[in-house]
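Please read the structure below before turning to the comments.
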Amino acid sequence: MGYGNYRDPFAGRRPEYVVRAGEKLSLSFVVLPGESRDIDIAVDLVGDGAEVDLKGLYLCTGDEQVNFRILVHHRVPGCLSHQLFNGLAGGTSRVRFEGRIVVAPDAQKTEAYQENHNILLSDSARVETTPQLEIYADDVKCSHGATIGRLDEDAQFYMRTRGIPEKEARVLQMISFLSPVTPEGERERVESALADSV
Amino acid sequence: MDRNEENTIIQEFTSGEYKEGFVTDVEQDFVPKGLNEDIIRTISRLKEEPEWLLEFRLDAFRKWQKMEMPDWAHLDLPPIDFQDIIYYAAPRKDKDRPKEIDPKLAETFEKLGIPLKERDVLAGVVAVDAVFDSVSVTTTFRKTLAEKGIIFCSFSEAVKEHPDLVRKYLATVVPSGDNYFAALNSAVFSDGSFCYIPKGVRCPMDLSSYFRINARGTGQFERTLIVADEGSYVSYMEGCTAPMRDEQQLHAAVVEIIVEKDADVKYSTVQNWYPGDAEGRGGILNLVTKRGICKGSGAHLSWTQVETGSAITWKYPSTILKGDNSASEFYSVAVTNNFQQADTGTKMVHIGRNTKSRIVSKGISAGRSQNSYRGLVRMNAGAQNARNYSQCDSLLIGSRCGAHTFPVIRSDNPTAVVEHEATTSKISEDQLFYCNQRGIGPEEAVGLIVNGYAREVLSRLPMEFAVEAQKLLQVSLEGSVG
């Protein structure tokens, strides 16, 4: 018996990562100014209790082109996936985020979450985001969220009324925006790149 | 509650009857089956159309011939044999009394709850344009409306009586070569409604179009054109049904809405085409293009749709926010059951400054159906301070259905803000348990929860539509406990 229009996303390609029962995969991506990147990652969750945690940050200030293509496939029941990608796009950069979560038929008790947040820093930067959910099982908790916006002016005003100069306030805002996706070991490098960008 | 009991309830709940599935036995005129330039000329001749409209049709047909059927939707679309469709079917007029409505037609619409006689109905007064297969049967309250300068009539009459208006606005929002089905519609469209609200006029009653497919082997290709001039207001409603048949029937409509400066249009749809039987046989293929433009500053267009019918739905009511400070909303409840498939959503294209849009989409899938939300939010470079918020929720009932979300969000302007969120889940067992322990049966509880889930959208509907929509939700989904 067919299941509507479900197609195995790995019928035509091999996943970069296969996560088996009880395993946990954590990946972090950091893209800093001057780097154009195509990041294409596919994860197949194939065993009970498999977990994946993907994080990404990008900071574009010139003419970078950054493309993310993320696919997480829940093949079996009882797996968990988390994705969080935050980035800043300035200059004339182009950012594309394509995220796809597929929950196979019978992959019950799945939990899958995905978020992609973007801030545009310049008139000529462009961001396009397509977070996609394809769900063929019913006992699941899945959500995705995507935003494109600007640095919050109220927060900036608050800091400036307390004597923090504009430039510093912007840097602080950007640090806090990227903080949830900044790996511990990269913190210094990311913060100095942010300071340089303002 | 054990799994078996759940299954029985789902069974009962999802086998609701389609009560509009009867056939009206009237004599009808048909054009021969098939699609070619001669057929188009025949349709145009039968409708006594001017030369420019025939040219418009033929031009669209030539474009259509060069196009390919789109395959990007998340649908298993059966191959459509366009030569096997009758493109024009009209109930035969009584030669002795050409002005009167055939009592059988009047009875049909009466049975569907659509009053063709001008009278007050419970929730207020509604003017109706009733379309039966390829022709408009009647339009009520035309005189009352005409006193205010409002034009509300069938598309065919508009072509004859107000050719300048039709020509000025036709295909300005949906060009004839816009997409495969819009091109097909532009070539063979039969009837539909035309509505013009003059400057500063607030339409005193809701306007409504009711579309009924009756004849076998036909397709319905209606075209609706709504023009709201500066500072005017209109609330427009659209409803539709079709008989139960084993064959699938094609419905490819085009709706265009022009909203001038400071005008306000509210467009509501309750789509209840025959969805096919429990095994997925028959049903309407509902492939429509609906688009509006907020042309002037401060214009406002709001779409509300309740989609419960059709075997396949392919529909994206969209707004082009061209005027500064214009705003648009899209509220949708889409229910699929058995083998139904829906790929529906909206497009909000922000061009003007300070434009605002809001999207609330609630998908409910049951049985073996597939229900997708597909949307585009685009902030163009000039859309200073534009704002969008989208919320797309899916509710799954039963383990064999699917719910999908495919939004595209693009921003070219650093002052614009776009937010999108989506969730997918099943009916919470806690909520069911809560209802059950208070003596509300499982079936009623599901109805209650689904209605609560869809409330935000249903509350936007004009009153009598809201009542109908709530009943429809009960019928097409009652008792599904997942």
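Letters A, B, ... mark the chains of the structure tokens in the order given; residue numbers begin at 1 per chain; ligand numbers begin at 1, in order shown.
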
Residues of chain A within 8 Å of chain B, counting only C-alpha atoms, as a PyMOL selection string = chain A and resi 3-5+105-106+119-150

task = Just the residues within 6 Å of Ala386 in chain B, please, counting only C-alpha atoms, with nothing from its chain fewer than 3 positions along; format it as a PyMOL selection string.
result = chain B and resi 354-356+383+416

Exercise: Glu191 in chain A partners within 10 Å, only C-alpha atoms, chain neighbours under 5 positions left out, as a short mmCIF file (atom, residue, chain, number, x, y, z; two decimals) with N, CA and C atoms, in the first residue's frame:
```
data_model
loop_
_atom_site.label_atom_id
_atom_site.label_comp_id
_atom_site.auth_asym_id
_atom_site.auth_seq_id
_atom_site.Cartn_x
_atom_site.Cartn_y
_atom_site.Cartn_z
N VAL A 171 27.44 45.88 18.14
CA VAL A 171 28.25 44.67 18.28
C VAL A 171 27.65 43.75 19.34
N LEU A 172 27.24 44.34 20.46
CA LEU A 172 26.64 43.52 21.53
C LEU A 172 25.38 42.80 21.04
N MET A 174 24.68 41.95 17.99
CA MET A 174 25.02 40.88 17.06
C MET A 174 25.62 39.68 17.79
N ILE A 175 26.43 39.97 18.83
CA ILE A 175 27.00 38.87 19.61
C ILE A 175 25.88 38.05 20.25
N LEU A 178 24.04 35.89 17.68
CA LEU A 178 24.76 34.71 17.21
C LEU A 178 25.14 33.76 18.35
N SER A 179 25.02 34.26 19.57
CA SER A 179 25.48 33.48 20.72
C SER A 179 24.97 32.03 20.78
N THR A 182 27.09 29.92 18.42
CA THR A 182 28.55 30.06 18.42
C THR A 182 29.18 28.93 19.24
N GLU A 186 35.06 28.88 19.23
CA GLU A 186 35.10 29.88 18.15
C GLU A 186 34.70 31.27 18.64
N ASP A 196 34.94 43.88 13.82
CA ASP A 196 35.51 44.42 12.57
C ASP A 196 34.42 44.83 11.59
N SER A 197 33.27 44.16 11.67
CA SER A 197 32.26 44.37 10.64
C SER A 197 31.51 45.69 10.81
#
```

Backbone DSSP call of helix (DSSP H, G or I) for chain A, listed as a PyMOL selection string = chain A and resi 153-161+166-181+184-197

Selection file, N, CA and C atoms, as a compact mmCIF listing (two decimals), in the first residue's frame:
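Below you can see selection-v5.txt, which holds the result:
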```txt
# COMPACT_ATOMS: atom_id res chain seq x y z
N GLU A 153 15.66 48.12 17.24
CA GLU A 153 15.98 49.51 17.57
C GLU A 153 15.70 49.85 19.04
N ASP A 154 14.68 49.21 19.59
CA ASP A 154 14.38 49.46 21.01
C ASP A 154 15.53 49.03 21.89
N ALA A 155 16.09 47.85 21.57
CA ALA A 155 17.21 47.34 22.37
C ALA A 155 18.41 48.29 22.25
N GLN A 156 18.60 48.80 21.01
CA GLN A 156 19.71 49.73 20.80
C GLN A 156 19.51 51.01 21.62
N PHE A 157 18.29 51.50 21.57
CA PHE A 157 17.96 52.73 22.30
C PHE A 157 18.20 52.53 23.80
N TYR A 158 17.76 51.38 24.28
CA TYR A 158 17.93 51.04 25.70
C TYR A 158 19.41 51.12 26.08
N MET A 159 20.26 50.51 25.26
CA MET A 159 21.69 50.49 25.58
C MET A 159 22.29 51.89 25.50
N ARG A 160 21.83 52.66 24.51
CA ARG A 160 22.42 53.98 24.34
C ARG A 160 22.00 54.92 25.46
N THR A 161 20.78 54.75 25.98
CA THR A 161 20.38 55.59 27.12
C THR A 161 21.22 55.25 28.34
N GLU A 166 26.92 53.76 20.13
CA GLU A 166 26.13 53.09 19.11
C GLU A 166 26.85 51.85 18.55
N LYS A 167 28.13 52.05 18.21
CA LYS A 167 28.88 50.97 17.59
C LYS A 167 28.94 49.75 18.50
N GLU A 168 29.25 50.05 19.75
CA GLU A 168 29.37 48.96 20.72
C GLU A 168 28.02 48.25 20.92
N ALA A 169 26.97 49.06 20.95
CA ALA A 169 25.63 48.50 21.13
C ALA A 169 25.30 47.54 20.00
N ARG A 170 25.65 47.95 18.78
CA ARG A 170 25.39 47.07 17.63
C ARG A 170 26.15 45.76 17.76
N VAL A 171 27.44 45.88 18.14
CA VAL A 171 28.25 44.67 18.28
C VAL A 171 27.65 43.75 19.34
N LEU A 172 27.24 44.34 20.46
CA LEU A 172 26.64 43.52 21.53
C LEU A 172 25.38 42.80 21.04
N GLN A 173 24.59 43.53 20.29
CA GLN A 173 23.36 42.91 19.75
C GLN A 173 23.68 41.74 18.85
N MET A 174 24.68 41.95 17.99
CA MET A 174 25.02 40.88 17.06
C MET A 174 25.62 39.68 17.79
N ILE A 175 26.43 39.97 18.83
CA ILE A 175 27.00 38.87 19.61
C ILE A 175 25.88 38.05 20.25
N SER A 176 24.90 38.76 20.79
CA SER A 176 23.83 38.02 21.47
C SER A 176 22.98 37.24 20.46
N PHE A 177 22.81 37.84 19.26
CA PHE A 177 22.03 37.15 18.23
C PHE A 177 22.70 35.85 17.79
N LEU A 178 24.04 35.89 17.68
CA LEU A 178 24.76 34.71 17.21
C LEU A 178 25.14 33.76 18.35
N SER A 179 25.02 34.26 19.57
CA SER A 179 25.48 33.48 20.72
C SER A 179 24.97 32.03 20.78
N PRO A 180 23.66 31.78 20.54
CA PRO A 180 23.19 30.39 20.66
C PRO A 180 23.80 29.43 19.64
N VAL A 181 24.40 29.99 18.58
CA VAL A 181 24.96 29.09 17.56
C VAL A 181 26.49 29.18 17.51
N GLU A 184 31.84 27.09 21.54
CA GLU A 184 32.70 27.64 22.58
C GLU A 184 34.08 28.02 22.04
N GLY A 185 34.69 27.12 21.31
CA GLY A 185 36.05 27.34 20.83
C GLY A 185 36.18 28.47 19.81
N GLU A 186 35.06 28.88 19.23
CA GLU A 186 35.10 29.88 18.15
C GLU A 186 34.70 31.27 18.64
N ARG A 187 34.32 31.36 19.91
CA ARG A 187 33.72 32.58 20.42
C ARG A 187 34.58 33.83 20.13
N GLU A 188 35.88 33.70 20.41
CA GLU A 188 36.77 34.85 20.24
C GLU A 188 36.83 35.30 18.79
N ARG A 189 36.99 34.30 17.90
CA ARG A 189 37.11 34.58 16.47
C ARG A 189 35.83 35.26 15.94
N VAL A 190 34.67 34.75 16.38
CA VAL A 190 33.39 35.31 15.92
C VAL A 190 33.23 36.74 16.43
N GLU A 191 33.59 36.95 17.72
CA GLU A 191 33.39 38.27 18.29
C GLU A 191 34.30 39.31 17.65
N SER A 192 35.53 38.91 17.32
CA SER A 192 36.41 39.90 16.69
C SER A 192 35.96 40.18 15.25
N ALA A 193 35.41 39.15 14.58
CA ALA A 193 34.87 39.38 13.23
C ALA A 193 33.69 40.34 13.28
N LEU A 194 32.87 40.20 14.32
CA LEU A 194 31.72 41.10 14.48
C LEU A 194 32.18 42.53 14.74
N ALA A 195 33.18 42.68 15.60
CA ALA A 195 33.70 44.01 15.91
C ALA A 195 34.26 44.68 14.65
N ASP A 196 34.94 43.88 13.82
CA ASP A 196 35.51 44.42 12.57
C ASP A 196 34.42 44.83 11.59
N SER A 197 33.27 44.16 11.67
CA SER A 197 32.26 44.37 10.64
C SER A 197 31.51 45.69 10.81
```

inquiry  = Need to verify the contact set: Thr289 in chain B, 7 Å, only C-alpha atoms, exclusion of same-chain residues closer than 3 positions in sequence. Can you return it as a list in words?
reply    = Ala182, Ala253, Val254, Val255, Lys315, Tyr316 and Pro317 of chain B

Keeping only N, CA and C atoms, write the selected residues to a file as an mmCIF file, in the first residue's frame.
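Listed below is the output, result39.cif:
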```cif
data_model
loop_
_atom_site.group_PDB
_atom_site.id
_atom_site.type_symbol
_atom_site.label_atom_id
_atom_site.label_comp_id
_atom_site.auth_asym_id
_atom_site.auth_seq_id
_atom_site.Cartn_x
_atom_site.Cartn_y
_atom_site.Cartn_z
ATOM 1 N N ALA B 182 -4.369 29.215 -15.785
ATOM 2 C CA ALA B 182 -4.908 30.557 -16.049
ATOM 3 C C ALA B 182 -5.018 30.770 -17.559
ATOM 4 N N ALA B 253 -10.613 27.993 -12.436
ATOM 5 C CA ALA B 253 -11.163 29.350 -12.396
ATOM 6 C C ALA B 253 -10.058 30.388 -12.285
ATOM 7 N N VAL B 254 -10.423 31.620 -12.617
ATOM 8 C CA VAL B 254 -9.524 32.748 -12.372
ATOM 9 C C VAL B 254 -10.318 33.823 -11.631
ATOM 10 N N VAL B 255 -9.750 34.327 -10.561
ATOM 11 C CA VAL B 255 -10.362 35.444 -9.846
ATOM 12 C C VAL B 255 -9.355 36.586 -9.816
ATOM 13 N N LYS B 315 -4.274 25.880 -5.254
ATOM 14 C CA LYS B 315 -4.889 27.193 -5.114
ATOM 15 C C LYS B 315 -4.064 28.087 -4.199
ATOM 16 N N TYR B 316 -3.721 29.256 -4.673
ATOM 17 C CA TYR B 316 -2.863 30.162 -3.904
ATOM 18 C C TYR B 316 -3.362 31.602 -4.012
ATOM 19 N N PRO B 317 -4.438 31.951 -3.316
ATOM 20 C CA PRO B 317 -4.924 33.337 -3.377
ATOM 21 C C PRO B 317 -3.800 34.278 -2.930
#
```

task = Using DSSP on the backbone, list every residue of range 104-141 of chain A that comes out as strand (DSSP E or B), and give them as a VMD selection string.
result = chain A and resid 110 to 120 126 to 135 140 to 141

For Gln114 in chain A: contacts at 6 Å, only C-alpha atoms, fewer than 5 positions along chain excluded, given as a list in words =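 In the requested form, the answer reads His82, Gln83, Leu84 and His144 of chain A.
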
Restrict the selected residues to N, CA and C atoms and save them as a PDB file, in the first residue's frame.
```
ATOM      1  N   HIS A  82      17.288  18.645  16.209  1.00  0.00           N
ATOM      2  CA  HIS A  82      17.256  20.079  16.481  1.00  0.00           C
ATOM      3  C   HIS A  82      18.115  20.785  15.454  1.00  0.00           C
ATOM      4  N   GLN A  83      17.610  21.887  14.895  1.00  0.00           N
ATOM      5  CA  GLN A  83      18.438  22.671  13.988  1.00  0.00           C
ATOM      6  C   GLN A  83      18.270  24.143  14.322  1.00  0.00           C
ATOM      7  N   LEU A  84      19.366  24.834  14.374  1.00  0.00           N
ATOM      8  CA  LEU A  84      19.311  26.279  14.613  1.00  0.00           C
ATOM      9  C   LEU A  84      20.381  26.951  13.763  1.00  0.00           C
ATOM     10  N   HIS A 144       8.844  24.531  12.696  1.00  0.00           N
ATOM     11  CA  HIS A 144       9.945  25.308  12.166  1.00  0.00           C
ATOM     12  C   HIS A 144       9.594  26.783  12.243  1.00  0.00           C
TER      13      HIS A 144
END
```

key: Non-local contacts of Val52 in chain A (12 Å; only C-alpha atoms; under 3 positions in same chain excluded) as a PyMOL selection string   = chain A and resi 17-28+42-47+49+55+71-74+79-84+111-114

Take the residues that were just selected and, keeping N, CA and C atoms, output them as a CSV table (one decimal), in the first residue's frame.
```csv
chain,number,residue,atom,x,y,z
A,17,TYR,N,25.5,11.7,6.6
A,17,TYR,CA,25.6,11.1,7.9
A,17,TYR,C,24.4,10.2,8.2
A,18,VAL,N,24.8,9.0,8.7
A,18,VAL,CA,23.7,8.1,9.1
A,18,VAL,C,23.8,7.9,10.6
A,19,VAL,N,22.7,8.2,11.3
A,19,VAL,CA,22.8,8.1,12.8
A,19,VAL,C,22.0,6.9,13.2
A,20,ARG,N,22.7,6.0,13.9
A,20,ARG,CA,22.0,4.7,14.3
A,20,ARG,C,21.4,4.8,15.7
A,21,ALA,N,20.8,3.7,16.2
A,21,ALA,CA,20.1,3.7,17.5
A,21,ALA,C,21.0,4.2,18.6
A,22,GLY,N,20.5,5.1,19.4
A,22,GLY,CA,21.3,5.5,20.6
A,22,GLY,C,22.4,6.5,20.3
A,23,GLU,N,22.7,6.7,19.0
A,23,GLU,CA,23.8,7.6,18.7
A,23,GLU,C,23.3,9.1,18.7
A,24,LYS,N,24.3,10.0,18.9
A,24,LYS,CA,24.0,11.4,18.8
A,24,LYS,C,25.0,12.1,17.9
A,25,LEU,N,24.5,12.9,16.9
A,25,LEU,CA,25.4,13.6,16.1
A,25,LEU,C,25.2,15.1,16.3
A,26,SER,N,26.4,15.8,16.6
A,26,SER,CA,26.3,17.2,16.8
A,26,SER,C,27.2,17.9,15.8
A,27,LEU,N,26.7,18.9,15.0
A,27,LEU,CA,27.6,19.5,14.0
A,27,LEU,C,27.4,21.0,14.2
A,28,SER,N,28.5,21.8,14.0
A,28,SER,CA,28.4,23.2,14.0
A,28,SER,C,29.1,23.8,12.8
A,42,ALA,N,23.1,16.1,4.5
A,42,ALA,CA,21.9,15.2,4.6
A,42,ALA,C,22.1,14.2,5.7
A,43,VAL,N,21.2,14.1,6.6
A,43,VAL,CA,21.3,13.2,7.7
A,43,VAL,C,20.1,12.2,7.7
A,44,ASP,N,20.4,11.0,7.9
A,44,ASP,CA,19.4,10.0,7.9
A,44,ASP,C,19.4,9.4,9.4
A,45,LEU,N,18.3,9.5,10.0
A,45,LEU,CA,18.1,8.9,11.4
A,45,LEU,C,17.5,7.5,11.2
A,46,VAL,N,18.3,6.5,11.5
A,46,VAL,CA,17.9,5.1,11.2
A,46,VAL,C,17.7,4.2,12.4
A,47,GLY,N,17.9,4.7,13.6
A,47,GLY,CA,17.8,3.8,14.7
A,47,GLY,C,17.0,4.5,15.8
A,49,GLY,N,15.9,6.2,19.0
A,49,GLY,CA,16.6,7.1,19.9
A,49,GLY,C,17.7,7.9,19.3
A,55,LYS,N,23.9,23.1,14.2
A,55,LYS,CA,24.0,24.6,14.5
A,55,LYS,C,24.8,25.2,13.4
A,71,LEU,N,19.1,18.6,5.0
A,71,LEU,CA,18.0,17.6,4.9
A,71,LEU,C,18.2,16.7,6.1
A,72,VAL,N,17.1,16.6,6.9
A,72,VAL,CA,17.1,15.7,8.0
A,72,VAL,C,15.9,14.7,7.8
A,73,HIS,N,16.2,13.4,7.7
A,73,HIS,CA,15.2,12.4,7.4
A,73,HIS,C,15.0,11.5,8.6
A,74,HIS,N,13.8,11.5,9.1
A,74,HIS,CA,13.4,10.6,10.2
A,74,HIS,C,12.9,9.4,9.6
A,79,CYS,N,13.0,9.4,17.2
A,79,CYS,CA,14.2,10.1,17.0
A,79,CYS,C,14.0,11.6,17.3
A,80,LEU,N,15.1,12.3,17.5
A,80,LEU,CA,15.0,13.7,17.9
A,80,LEU,C,15.9,14.5,17.0
A,81,SER,N,15.5,15.6,16.4
A,81,SER,CA,16.4,16.5,15.7
A,81,SER,C,16.2,17.9,16.1
A,82,HIS,N,17.3,18.6,16.2
A,82,HIS,CA,17.3,20.1,16.5
A,82,HIS,C,18.1,20.8,15.5
A,83,GLN,N,17.6,21.9,14.9
A,83,GLN,CA,18.4,22.7,14.0
A,83,GLN,C,18.3,24.1,14.3
A,84,LEU,N,19.4,24.8,14.4
A,84,LEU,CA,19.3,26.3,14.6
A,84,LEU,C,20.4,27.0,13.8
A,111,GLU,N,10.4,13.9,17.2
A,111,GLU,CA,10.4,15.3,17.5
A,111,GLU,C,11.5,16.0,16.6
A,112,ALA,N,11.0,17.0,15.8
A,112,ALA,CA,11.9,17.6,14.9
A,112,ALA,C,11.7,19.1,14.9
A,113,TYR,N,12.8,19.8,15.1
A,113,TYR,CA,12.6,21.3,15.2
A,113,TYR,C,13.7,22.0,14.4
A,114,GLN,N,13.3,23.1,13.7
A,114,GLN,CA,14.2,23.8,12.9
A,114,GLN,C,14.0,25.3,13.0
```

ask   = Which of these, B:Gln431, B:Ile197, B:Asn214, B:Leu77, has the shortest distance to Ala311 in chain B once you count only C-alpha atoms?
value =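 That would be B:Leu77, the residue with the smallest distance to Ala311 in chain B.
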
request  = Identify, on the basis of only C-alpha atoms, every residue whose closest approach to Lys290 in chain B does not exceed 12 Å; exclude the query and any residue fewer than 6 positions from it along the same chain; express the result as a PyMOL selection string.
outcome  = chain B and resi 171+173-175+178-179+181-182+185+222-226+252-258+267-269+303+305+314-320+344-347

ask   = Looking at only C-alpha atoms, which of A:Gly78, A:Pro15, A:Gly90, A:Gly99 is the one that sits closest to Glu64 in chain A?
value = A:Gly90
